[in-house]
Structures are given as structure tokens and as C-alpha cells.
$ cat data.csv   # CSV, C-alpha atoms
chain,number,residue,atom,x,y,z
A,1,MET,CA,-138.1,16.0,98.4
A,2,VAL,CA,-137.6,14.8,101.9
A,3,LEU,CA,-136.2,11.5,100.6
A,4,ASN,CA,-133.7,13.5,98.5
A,5,ASN,CA,-132.6,15.4,101.5
A,6,ILE,CA,-132.2,12.2,103.5
A,7,GLU,CA,-130.2,10.6,100.9
A,8,GLN,CA,-127.8,13.5,100.8
A,9,LEU,CA,-127.5,13.3,104.6
A,10,LEU,CA,-126.8,9.6,104.3
A,11,GLU,CA,-124.0,10.2,102.0
A,12,LYS,CA,-122.4,12.5,104.4
A,13,TYR,CA,-123.2,10.1,107.2
A,14,ASP,CA,-121.3,7.3,105.4
A,15,LEU,CA,-118.3,9.6,105.2
A,16,GLY,CA,-118.5,10.4,108.9
A,17,GLU,CA,-119.2,14.1,108.2
A,18,THR,CA,-122.7,14.6,109.7
A,19,SER,CA,-123.1,16.6,112.8
A,20,LEU,CA,-125.0,15.3,115.8
A,21,ALA,CA,-128.1,17.3,114.8
A,22,GLU,CA,-128.1,15.8,111.3
A,23,GLU,CA,-127.7,12.4,112.7
A,24,GLN,CA,-130.6,13.0,115.0
A,25,GLN,CA,-132.6,14.0,112.0
A,26,LEU,CA,-131.7,10.8,110.2
A,27,ARG,CA,-132.6,8.8,113.3
A,28,GLN,CA,-136.0,10.4,113.5
A,29,TYR,CA,-136.7,9.8,109.9
A,30,PHE,CA,-135.8,6.1,110.0
A,31,LEU,CA,-137.7,5.5,113.2
A,32,ASN,CA,-140.9,7.1,112.1
A,33,ASN,CA,-141.3,6.6,108.4
A,34,ARG,CA,-141.8,3.7,106.0
A,35,VAL,CA,-138.4,3.3,104.4
A,36,PRO,CA,-137.8,2.4,100.8
A,37,GLU,CA,-136.2,-1.0,100.2
A,38,HIS,CA,-132.8,0.3,99.3
A,39,LEU,CA,-132.4,2.1,102.6
A,40,GLU,CA,-133.5,-0.9,104.7
A,41,SER,CA,-129.9,-1.4,106.0
A,42,TYR,CA,-129.9,2.1,107.4
A,43,ARG,CA,-133.1,1.5,109.1
A,44,LEU,CA,-131.7,-1.6,110.8
A,45,MET,CA,-128.6,0.3,111.9
A,46,PHE,CA,-130.5,3.2,113.4
A,47,GLY,CA,-133.0,0.9,115.0
A,48,TYR,CA,-130.2,-1.0,116.6
A,49,PHE,CA,-128.5,2.1,117.9
A,50,GLU,CA,-131.7,3.3,119.4
A,51,GLN,CA,-132.2,0.0,121.1
A,52,ALA,CA,-128.6,-0.2,122.3
A,53,LYS,CA,-129.0,3.2,124.0
A,54,THR,CA,-131.5,1.8,126.5
A,55,GLU,CA,-129.2,-0.7,128.1
A,56,GLN,CA,-128.5,0.2,131.7
A,57,TYR,CA,-126.1,-0.6,134.5
A,58,ASN,CA,-128.3,-1.2,137.5
A,59,LYS,CA,-125.9,-2.7,140.0
A,60,ASP,CA,-124.9,-0.9,143.1
A,61,VAL,CA,-121.3,-0.2,143.5
A,62,PRO,CA,-120.1,-0.9,147.1
A,63,LEU,CA,-118.4,2.4,147.9
A,64,LYS,CA,-116.2,2.0,150.9
A,65,PRO,CA,-116.0,5.2,152.9
A,66,LYS,CA,-112.7,6.7,151.9
A,67,LYS,CA,-110.0,5.8,154.4
A,68,ASN,CA,-109.0,9.0,156.0
A,69,ASN,CA,-105.3,9.5,156.1
A,70,VAL,CA,-105.5,11.8,159.1
A,71,TYR,CA,-107.0,9.1,161.2
A,72,ARG,CA,-104.3,6.7,160.0
A,73,TRP,CA,-101.5,9.0,161.1
A,74,ILE,CA,-103.3,9.7,164.4
A,75,SER,CA,-103.2,6.0,165.1
A,76,VAL,CA,-99.6,5.8,164.2
A,77,ALA,CA,-98.8,8.7,166.6
A,78,ALA,CA,-100.9,7.0,169.3
A,79,VAL,CA,-98.9,3.8,169.1
A,80,ALA,CA,-95.7,5.8,169.2
A,81,VAL,CA,-96.8,7.7,172.3
A,82,LEU,CA,-97.9,4.4,173.9
A,83,MET,CA,-94.5,2.8,173.3
A,84,PHE,CA,-92.7,5.8,174.6
A,85,GLY,CA,-94.9,5.7,177.7
A,86,ILE,CA,-94.1,2.0,178.3
A,87,TYR,CA,-90.4,2.8,177.9
A,88,ILE,CA,-90.5,5.7,180.3
A,89,SER,CA,-92.4,3.8,183.0
A,90,GLN,CA,-89.8,1.0,183.1
A,91,PRO,CA,-87.6,1.0,186.3
A,92,GLU,CA,-84.5,3.1,185.7
A,93,ALA,CA,-81.5,1.3,184.3
A,94,PRO,CA,-78.7,0.8,186.9
A,95,LYS,CA,-76.3,3.7,187.0
A,96,THR,CA,-72.9,2.9,185.5
A,97,GLU,CA,-70.8,6.0,186.2
A,98,LEU,CA,-69.4,6.6,189.6
A,99,SER,CA,-70.1,10.3,189.3
A,100,GLN,CA,-73.8,9.6,189.0
A,101,LEU,CA,-74.0,8.0,192.5
A,102,SER,CA,-74.9,9.9,195.6
A,103,PRO,CA,-72.2,10.5,198.3
A,104,GLU,CA,-73.4,7.7,200.6
A,105,GLU,CA,-73.4,5.3,197.7
A,106,GLN,CA,-69.9,6.4,196.7
A,107,GLU,CA,-68.7,5.9,200.3
A,108,LEU,CA,-70.3,2.4,200.2
A,109,TYR,CA,-68.6,1.7,197.0
A,110,TYR,CA,-65.2,2.6,198.3
A,111,LYS,CA,-65.7,0.5,201.4
A,112,THR,CA,-66.5,-2.5,199.3
A,113,VAL,CA,-63.5,-1.9,197.2
A,114,GLU,CA,-61.3,-1.7,200.3
A,115,ALA,CA,-62.8,-5.0,201.7
A,116,LEU,CA,-62.3,-6.8,198.4
A,117,GLN,CA,-58.7,-5.6,198.3
A,118,LEU,CA,-58.1,-6.9,201.7
A,119,VAL,CA,-59.4,-10.3,200.7
A,120,SER,CA,-57.2,-10.3,197.6
A,121,THR,CA,-53.9,-9.5,199.5
A,122,GLN,CA,-54.6,-12.3,202.0
A,123,LEU,CA,-55.3,-14.6,199.1
A,124,ASN,CA,-52.0,-13.6,197.5
A,125,LYS,CA,-50.1,-14.3,200.8
A,126,GLY,CA,-51.7,-17.8,200.9
A,127,THR,CA,-50.5,-18.5,197.4
A,128,GLN,CA,-47.0,-17.5,198.3
A,129,GLN,CA,-47.0,-20.1,201.1
A,130,LEU,CA,-48.4,-22.6,198.7
A,131,ALA,CA,-45.3,-22.0,196.6
A,132,VAL,CA,-43.2,-23.7,199.4
A,133,LEU,CA,-45.5,-26.7,199.1
A,134,ASN,CA,-44.9,-26.7,195.5
A,135,THR,CA,-41.1,-26.9,195.8
A,136,MET,CA,-41.5,-29.7,198.4
A,137,SER,CA,-43.6,-31.7,195.9
A,138,GLU,CA,-40.9,-31.1,193.3
A,139,SER,CA,-38.1,-32.5,195.5
A,140,TYR,CA,-40.4,-35.4,196.4
A,141,THR,CA,-40.9,-36.4,192.8
A,142,GLU,CA,-37.1,-36.1,192.3
A,143,GLY,CA,-36.6,-38.5,195.2
A,144,VAL,CA,-39.1,-40.9,193.6
A,145,SER,CA,-37.1,-40.9,190.4
A,146,LYS,CA,-33.9,-41.6,192.3
A,147,ILE,CA,-35.6,-44.6,194.0
A,148,GLY,CA,-36.2,-45.9,190.5
A,149,LEU,CA,-32.4,-45.9,190.0
A,150,ILE,CA,-31.9,-47.9,193.2
A,151,GLU,CA,-34.4,-50.4,191.9
A,152,GLU,CA,-32.6,-50.8,188.7
A,153,PHE,CA,-29.4,-51.3,190.5
A,154,SER,CA,-30.8,-54.1,192.6
A,155,ASN,CA,-32.2,-55.7,189.5
A,156,THR,CA,-28.8,-55.9,187.8
A,157,LYS,CA,-27.3,-57.0,191.1
A,158,ASN,CA,-29.8,-59.9,191.3
A,159,LYS,CA,-29.0,-60.9,187.7
A,160,ILE,CA,-25.3,-61.0,188.5
A,161,PHE,CA,-25.8,-63.1,191.6
A,162,LYS,CA,-28.0,-65.5,189.6
A,163,THR,CA,-25.3,-66.2,187.0
A,164,THR,CA,-22.6,-66.7,189.7
A,165,ASN,CA,-24.8,-69.2,191.6
B,1,MET,CA,-117.0,14.1,148.9
B,2,THR,CA,-119.7,11.9,150.3
B,3,SER,CA,-120.9,8.8,148.5
B,4,THR,CA,-124.2,10.5,147.5
B,5,GLU,CA,-122.3,13.4,145.9
B,6,PHE,CA,-120.2,10.8,144.1
B,7,THR,CA,-123.1,8.8,142.9
B,8,SER,CA,-124.8,11.9,141.5
B,9,LEU,CA,-121.6,12.8,139.7
B,10,VAL,CA,-121.2,9.4,138.2
B,11,MET,CA,-124.9,8.8,137.5
B,12,PRO,CA,-125.1,10.5,134.1
B,13,PHE,CA,-122.4,8.4,132.6
B,14,LYS,CA,-122.3,5.1,134.4
B,15,ASP,CA,-124.6,3.5,131.8
B,16,LYS,CA,-122.3,4.8,129.0
B,17,VAL,CA,-119.3,3.2,130.8
B,18,PHE,CA,-121.2,-0.1,131.0
B,19,ARG,CA,-122.3,0.0,127.4
B,20,LEU,CA,-118.8,0.7,126.2
B,21,ALA,CA,-117.5,-2.1,128.3
B,22,ARG,CA,-120.2,-4.4,127.1
B,23,ARG,CA,-119.4,-3.5,123.5
B,24,LEU,CA,-115.8,-4.5,123.9
B,25,LEU,CA,-116.1,-7.4,126.3
B,26,VAL,CA,-119.4,-8.7,124.9
B,27,SER,CA,-120.2,-10.7,128.1
B,28,ASN,CA,-122.6,-9.0,130.5
B,29,GLU,CA,-120.9,-10.2,133.6
B,30,GLU,CA,-117.5,-9.0,132.4
B,31,ALA,CA,-118.9,-5.7,131.5
B,32,GLU,CA,-120.6,-5.4,134.9
B,33,ASP,CA,-117.3,-6.2,136.6
B,34,ALA,CA,-115.5,-3.7,134.5
B,35,THR,CA,-118.0,-1.0,135.3
B,36,GLN,CA,-117.8,-1.7,139.0
B,37,GLU,CA,-114.0,-1.7,138.8
B,38,ILE,CA,-113.9,1.7,137.0
B,39,LEU,CA,-116.4,3.3,139.4
B,40,MET,CA,-114.4,2.1,142.4
B,41,LYS,CA,-111.2,3.4,140.8
B,42,LEU,CA,-112.9,6.8,140.4
B,43,TRP,CA,-114.1,6.7,144.0
B,44,SER,CA,-110.7,5.9,145.4
B,45,ASN,CA,-109.1,8.7,143.3
B,46,GLN,CA,-111.8,11.2,144.1
B,47,SER,CA,-109.3,13.7,145.4
B,48,LYS,CA,-108.0,14.0,141.8
B,49,ILE,CA,-111.4,14.1,140.2
B,50,SER,CA,-111.8,17.8,140.6
B,51,SER,CA,-108.6,18.4,138.7
B,52,TYR,CA,-110.0,16.7,135.6
B,53,ASN,CA,-112.0,19.2,133.6
B,54,ASN,CA,-114.1,16.4,132.1
B,55,VAL,CA,-114.7,13.6,134.4
B,56,GLU,CA,-117.0,11.8,132.0
B,57,ALA,CA,-114.4,11.7,129.2
B,58,PHE,CA,-111.8,10.6,131.7
B,59,ALA,CA,-114.0,7.8,132.9
B,60,MET,CA,-114.6,6.7,129.3
B,61,THR,CA,-110.9,6.7,128.6
B,62,MET,CA,-110.4,4.6,131.7
B,63,THR,CA,-113.0,2.2,130.5
B,64,LYS,CA,-111.4,1.9,127.1
B,65,ASN,CA,-108.0,1.2,128.5
B,66,PHE,CA,-109.3,-1.2,131.1
B,67,CYS,CA,-111.3,-3.2,128.6
B,68,LEU,CA,-108.5,-3.3,126.1
B,69,ASP,CA,-106.1,-4.5,128.8
B,70,ARG,CA,-108.6,-7.1,129.9
B,71,LEU,CA,-109.0,-8.4,126.3
B,72,LYS,CA,-105.2,-8.5,125.9
B,73,SER,CA,-104.6,-10.4,129.1
B,74,LYS,CA,-107.3,-12.9,128.1
B,75,GLN,CA,-105.7,-13.3,124.7
B,76,ALA,CA,-102.3,-13.8,126.3
B,77,GLN,CA,-103.7,-16.6,128.4
B,78,ASN,CA,-105.3,-18.0,125.3
B,79,LEU,CA,-108.7,-17.5,126.8
B,80,LYS,CA,-111.7,-15.9,125.3
B,81,ILE,CA,-114.2,-14.0,127.2
B,82,VAL,CA,-117.3,-16.2,126.8
B,83,HIS,CA,-120.5,-14.5,127.1
B,84,SER,CA,-123.4,-16.4,128.6
B,85,ASN,CA,-126.1,-13.8,127.8
B,86,TYR,CA,-127.9,-16.2,125.5
B,87,GLN,CA,-131.6,-15.9,125.0
B,88,ASP,CA,-134.1,-18.3,124.0
B,89,HIS,CA,-134.2,-17.8,120.2
B,90,SER,CA,-136.7,-20.5,119.5
B,91,VAL,CA,-139.7,-18.6,120.7
B,92,SER,CA,-141.6,-18.6,117.5
B,93,LEU,CA,-141.0,-18.3,113.9
B,94,GLN,CA,-143.1,-15.3,113.8
B,95,LYS,CA,-140.8,-13.6,116.3
B,96,GLN,CA,-137.7,-14.4,114.4
B,97,VAL,CA,-138.9,-12.6,111.4
B,98,GLU,CA,-139.6,-9.6,113.6
B,99,LEU,CA,-137.6,-6.5,113.7
B,100,SER,CA,-135.9,-7.2,117.0
B,101,ASP,CA,-134.1,-10.2,115.6
B,102,SER,CA,-132.8,-8.5,112.5
B,103,LEU,CA,-131.6,-5.8,114.8
B,104,SER,CA,-129.4,-8.4,116.5
B,105,TRP,CA,-127.7,-8.9,113.2
B,106,VAL,CA,-126.4,-5.4,113.5
B,107,GLY,CA,-125.0,-6.2,116.9
B,108,LYS,CA,-123.3,-9.3,115.5
B,109,MET,CA,-121.7,-7.3,112.7
B,110,LEU,CA,-120.5,-4.7,115.2
B,111,GLU,CA,-118.8,-7.5,117.1
B,112,GLN,CA,-116.7,-8.3,114.0
B,113,LEU,CA,-115.3,-4.8,113.7
B,114,PRO,CA,-111.8,-4.0,115.0
B,115,GLU,CA,-111.8,-2.7,118.5
B,116,GLN,CA,-111.0,0.8,117.6
B,117,GLN,CA,-113.9,1.1,115.1
B,118,LYS,CA,-116.2,-0.6,117.5
B,119,MET,CA,-115.5,2.0,120.2
B,120,ILE,CA,-115.8,4.9,117.9
B,121,LEU,CA,-119.1,3.8,116.4
B,122,GLN,CA,-120.3,3.1,119.9
B,123,LEU,CA,-119.3,6.6,121.1
B,124,ARG,CA,-120.8,8.4,118.1
B,125,ASP,CA,-123.8,6.5,117.0
B,126,ILE,CA,-125.0,5.2,120.3
B,127,GLU,CA,-123.8,7.6,122.9
B,128,ALA,CA,-123.9,10.6,120.5
B,129,TYR,CA,-120.6,12.3,121.6
B,130,GLU,CA,-119.2,15.2,119.7
B,131,PHE,CA,-116.1,14.5,117.7
B,132,ASP,CA,-114.0,16.5,120.1
B,133,GLU,CA,-115.1,14.5,123.0
B,134,ILE,CA,-114.4,11.2,121.1
B,135,ALA,CA,-111.0,12.5,120.3
B,136,GLU,CA,-110.4,13.2,124.0
B,137,ILE,CA,-111.7,9.8,125.0
B,138,MET,CA,-109.9,7.8,122.3
B,139,GLU,CA,-106.7,9.9,122.6
B,140,MET,CA,-106.7,10.3,118.8
B,141,ASN,CA,-107.1,13.2,116.4
B,142,PRO,CA,-110.6,14.0,115.1
B,143,THR,CA,-109.7,13.3,111.5
B,144,ALA,CA,-108.6,9.8,112.2
B,145,ILE,CA,-111.8,9.4,114.1
B,146,ARG,CA,-113.9,10.4,111.2
B,147,VAL,CA,-112.1,8.0,108.9
B,148,ALA,CA,-112.5,5.1,111.3
B,149,LEU,CA,-116.1,6.0,111.8
B,150,SER,CA,-116.8,6.1,108.1
B,151,ARG,CA,-115.1,2.8,107.7
B,152,ALA,CA,-117.1,1.2,110.4
B,153,ARG,CA,-120.4,2.5,109.2
B,154,LYS,CA,-119.7,1.4,105.6
B,155,THR,CA,-118.6,-2.1,106.8
B,156,ILE,CA,-121.7,-2.6,108.8
B,157,ARG,CA,-124.0,-1.4,106.0
B,158,GLU,CA,-122.3,-3.6,103.4
B,159,GLN,CA,-122.6,-6.6,105.6
B,160,LEU,CA,-126.2,-5.8,106.2
B,161,THR,CA,-127.0,-5.4,102.6
B,162,LYS,CA,-125.3,-8.7,101.9
B,163,THR,CA,-127.3,-10.5,104.5
B,164,HIS,CA,-130.4,-8.9,103.3
B,165,ASN,CA,-129.9,-9.9,99.7
B,166,TYR,CA,-129.2,-13.5,100.7
B,167,GLY,CA,-132.5,-13.4,102.3
B,168,VAL,CA,-131.1,-14.7,105.6
B,169,LYS,CA,-132.7,-11.9,107.5
$ encode --input "data.csv" --output "C-alpha cells"
Amino acid sequence: MVLNNIEQLLEKYDLGETSLAEEQQLRQYFLNNRVPEHLESYRLMFGYFEQAKTEQYNKDVPLKPKKNNVYRWISVAAVAVLMFGIYISQPEAPKTELSQLSPEEQELYYKTVEALQLVSTQLNKGTQQLAVLNTMSESYTEGVSKIGLIEEFSNTKNKIFKTTN
Amino acid sequence: MTSTEFTSLVMPFKDKVFRLARRLLVSNEEAEDATQEILMKLWSNQSKISSYNNVEAFAMTMTKNFCLDRLKSKQAQNLKIVHSNYQDHSVSLQKQVELSDSLSWVGKMLEQLPEQQKMILQLRDIEAYEFDEIAEIMEMNPTAIRVALSRARKTIREQLTKTHNYGVK
């Protein structure tokens, strides 16, 4: 009677239609009873499944504490603040606009400009006088080229005198 | 979530993850690595964990995908995962005839099954999941799962009867 029932269940089992409870029933039967020869293969299967169930994973998984994003952003902000601090504490960049200067500094600036202008006008006068020197040197080189003509003249004169001698 | 909370969440199914990985990858070491990988992935995605209604099924799906990827990449490199979980089989003749050894036949036959059937058989007959859960894990419909399961069970049993009749047992 029991065997008959079991065989019916096995048929369903082979078709993949047994429920978990029915499968449990089969398992119990095959693990606890002497099984007729023709059902030996089922016994092996259920035996194996039972054995396979006992395998365990015993290793520890190294769980790193989860990196907190808030801390990461705080550190980014800290770096930004630090950089800004360094930038701020640097000596002020030299002022470039006249309007940014204080009145005394402006006065100083104008005086300097005046002095530099004075130097430059004197320098221009000097160059005008140098122009005279320039013309002198030009007429000098002219003279030198004329001397060259005289030399040539004397050369031909010498030749003439040689042939007459 | 603290690591103790996480461990207690993961505790009930970490062995199942390991066994599924072991079923697919065969090698003990590979399966251990895979399990560790999956638990660590879960840990690093813990903010999303609460949004999954079934963490266990999710973990099992991850395991399935991870192991299949692993097998595929090994195949692509023309490598086989070699398992080194050999045991001393020459203990005694007596022992060989014993039940435990004939049970290992079942394991060997399971290894021959296609990956999909292997997984389904593992999930149903060893881990005793409901069909709905298996459908969720395998991302298949329940009917296809029943068919694959039936095929797997029949194949194994046929193989066993054959071996048994040859008296190799």
C-alpha cells in the first residue's frame, strides 16, 4: 500500500510535478526504509541530495566598513578651505590701476613720471647734437673716396711717365 | 547597517550560495572565491538591499550570473576550472562498495548535465525552493522550470540505472 503510494509520487516526481511536501515524504521514505531493487536509483539520488545539503561555507568574508560618502565630501571641502586659506594669506598682488593708489602714492608716481620725462628730453637734445657728428662723418667718408680718385690719377700719371722714359 | 546585521541577514543563505557556486564551478576554491565575491558585492550595495523584496533570491541570481560568467570567461580563454578536491579513493575495497561512494556517482552524473538543469535540480532537490522562487532566481517561467527539472531527474536516474545494471557501482 505504502509502496504503491510512493510509486505514484515517484511518477509525479519524474515529471517535476511534486510539491515540496511530497518530495519531503519521498525523501523520508527512501532514507528510512529498505528499498526494493527497482527503486535503488531513487535511493541513491535522495541520498545524494541529503548529503549535498550539508556542505557549508565556513570562511569569513572580510567586510570592510563601508566608506562613508559624507566623510569623503568633508575631506574634499577641508582641502578646498585649506587651499583658499593659503591663497588668501599670500601677500597682496601689486596694484595695477592708478585709481587704486593712495594720494601720496599718486603724487610719488607723478613726480617719478616728471623726472623720467626730464631725462628723456635731455637725452633727445643729446641725440640732436649727435646728428651733427653724423653729417661730419658723412663728409669725411666723401673726402676719403675723393682721395681714392687722386690716387688713381697718380697711378695713371706714373704709368705715362714710365712709358716716356 | 553594521557588519553584524549584515552577517545575520546573509547567514541563512550563504551556504546555499556556496553550494550553487560549487555545483556550477565544481572546484572548491573557485566556489569559495565566488561566494566571497558575491557576499562582498552585497555588502557594498547594502544601501540597495532594502529595496529588494527577496534578498536571498537576489543573491542566488547574482550567484548564477557570476558563475556563468566565470565559466564563460574560462571557456573563452580555453581554460577549464580544474578542481583539486580529490580524496583518497583507495582507502579500502570495503569502503568503495559502501553507500558514500555510490552516492558520488550521482554527483558525477549531475556534473554532466547542462548548466541550466544543474542549477534547477540544485535549487529544487537540494535547496528545496518553491517553483516560484526558482523562477525568480533563474529568471525563467515556472513551466519551463518544471520541464527542465523533469528532464534532469530522468537523465540522472537513467544514467544511474545503467551504471547499476553494468554492475559498476
$ closest_atom_pairs --input "data.csv" --of "chain B" --to "chain A" --cutoff "9 Å" --atoms "all atoms listed in the file" --output "CSV"
residue,atom,partner,partner_atom,distance
B:Thr2,CA,A:Pro65,CA,8.1
B:Ser3,CA,A:Leu63,CA,6.9
B:Lys14,CA,A:Tyr57,CA,6.9
B:Asp15,CA,A:Gln56,CA,5.1
B:Lys16,CA,A:Gln56,CA,8.2
B:Val17,CA,A:Tyr57,CA,8.6
B:Phe18,CA,A:Tyr57,CA,6.0
B:Arg19,CA,A:Glu55,CA,7.0
B:Glu32,CA,A:Tyr57,CA,7.3
B:Thr35,CA,A:Tyr57,CA,8.1
B:Gln36,CA,A:Val61,CA,5.9
B:Glu37,CA,A:Val61,CA,8.8
B:Leu39,CA,A:Val61,CA,7.3
B:Met40,CA,A:Leu63,CA,6.8
B:Trp43,CA,A:Leu63,CA,7.2
B:Ser44,CA,A:Lys66,CA,6.8
B:Leu99,CA,A:Leu44,CA,8.2
B:Ser100,CA,A:Tyr48,CA,8.4
B:Ser102,CA,A:Leu44,CA,7.2
B:Leu103,CA,A:Tyr48,CA,5.3
B:Ser104,CA,A:Tyr48,CA,7.4
B:Trp105,CA,A:Leu44,CA,8.7
B:Val106,CA,A:Met45,CA,6.3
B:Gly107,CA,A:Tyr48,CA,7.4
B:Gln122,CA,A:Phe49,CA,8.5
B:Arg124,CA,A:Leu20,CA,8.4
B:Asp125,CA,A:Phe49,CA,6.5
B:Ile126,CA,A:Phe49,CA,5.3
B:Glu127,CA,A:Lys53,CA,6.9
B:Ala128,CA,A:Leu20,CA,6.7
B:Tyr129,CA,A:Leu20,CA,7.9
B:Glu130,CA,A:Leu20,CA,7.0
B:Phe131,CA,A:Ser19,CA,8.8
B:Ile145,CA,A:Gly16,CA,8.5
B:Arg146,CA,A:Gly16,CA,5.1
B:Val147,CA,A:Gly16,CA,6.8
B:Ala148,CA,A:Gly16,CA,8.4
B:Leu149,CA,A:Gly16,CA,5.8
B:Ser150,CA,A:Gly16,CA,4.7
B:Arg151,CA,A:Leu15,CA,7.9
B:Ala152,CA,A:Asp14,CA,8.9
B:Arg153,CA,A:Asp14,CA,6.2
B:Lys154,CA,A:Asp14,CA,6.1
B:Ile156,CA,A:Met45,CA,8.1
B:Arg157,CA,A:Ser41,CA,5.9
B:Glu158,CA,A:Ser41,CA,8.3
B:Gln159,CA,A:Ser41,CA,9.0
B:Leu160,CA,A:Ser41,CA,5.8
B:Thr161,CA,A:Ser41,CA,6.0
B:His164,CA,A:Ser41,CA,8.0
$ atom_distance --input "data.csv" --atom1 "CA of Val10 (chain B)" --atom2 "CA of Arg70 (chain B)"
22.4 Å
$ atom_distance --input "data.csv" --atom1 "CA of Asn155 (chain A)" --atom2 "CA of Ser139 (chain A)"
24.7 Å
$ residues_around --input "data.csv" --residues "Glu30 (chain B)" --least-positions-apart "2" --cutoff "10 Å" --atoms "only C-alpha atoms" --output "short mmCIF file (atom, residue, chain, number, x, y, z; two decimals) with C-alpha atoms, in the frame of the given file"
data_model
loop_
_atom_site.label_atom_id
_atom_site.label_comp_id
_atom_site.auth_asym_id
_atom_site.auth_seq_id
_atom_site.Cartn_x
_atom_site.Cartn_y
_atom_site.Cartn_z
CA PHE B 18 -121.20 -0.10 131.00
CA ALA B 21 -117.50 -2.10 128.30
CA ARG B 22 -120.20 -4.40 127.10
CA LEU B 24 -115.80 -4.50 123.90
CA LEU B 25 -116.10 -7.40 126.30
CA VAL B 26 -119.40 -8.70 124.90
CA SER B 27 -120.20 -10.70 128.10
CA ASN B 28 -122.60 -9.00 130.50
CA GLU B 32 -120.60 -5.40 134.90
CA ASP B 33 -117.30 -6.20 136.60
CA ALA B 34 -115.50 -3.70 134.50
CA THR B 35 -118.00 -1.00 135.30
CA GLN B 36 -117.80 -1.70 139.00
CA CYS B 67 -111.30 -3.20 128.60
CA ARG B 70 -108.60 -7.10 129.90
CA ILE B 81 -114.20 -14.00 127.20
CA VAL B 82 -117.30 -16.20 126.80
CA HIS B 83 -120.50 -14.50 127.10
#
$ atom_distance --input "data.csv" --atom1 "CA of Ile6 (chain A)" --atom2 "CA of Glu37 (chain A)"
14.2 Å
$ closest_residue --input "data.csv" --among "B:Ser50, B:Gln112, B:Thr61, B:Thr155" --to "Met138 (chain B)" --atoms "all atoms listed in the file"
B:Thr61
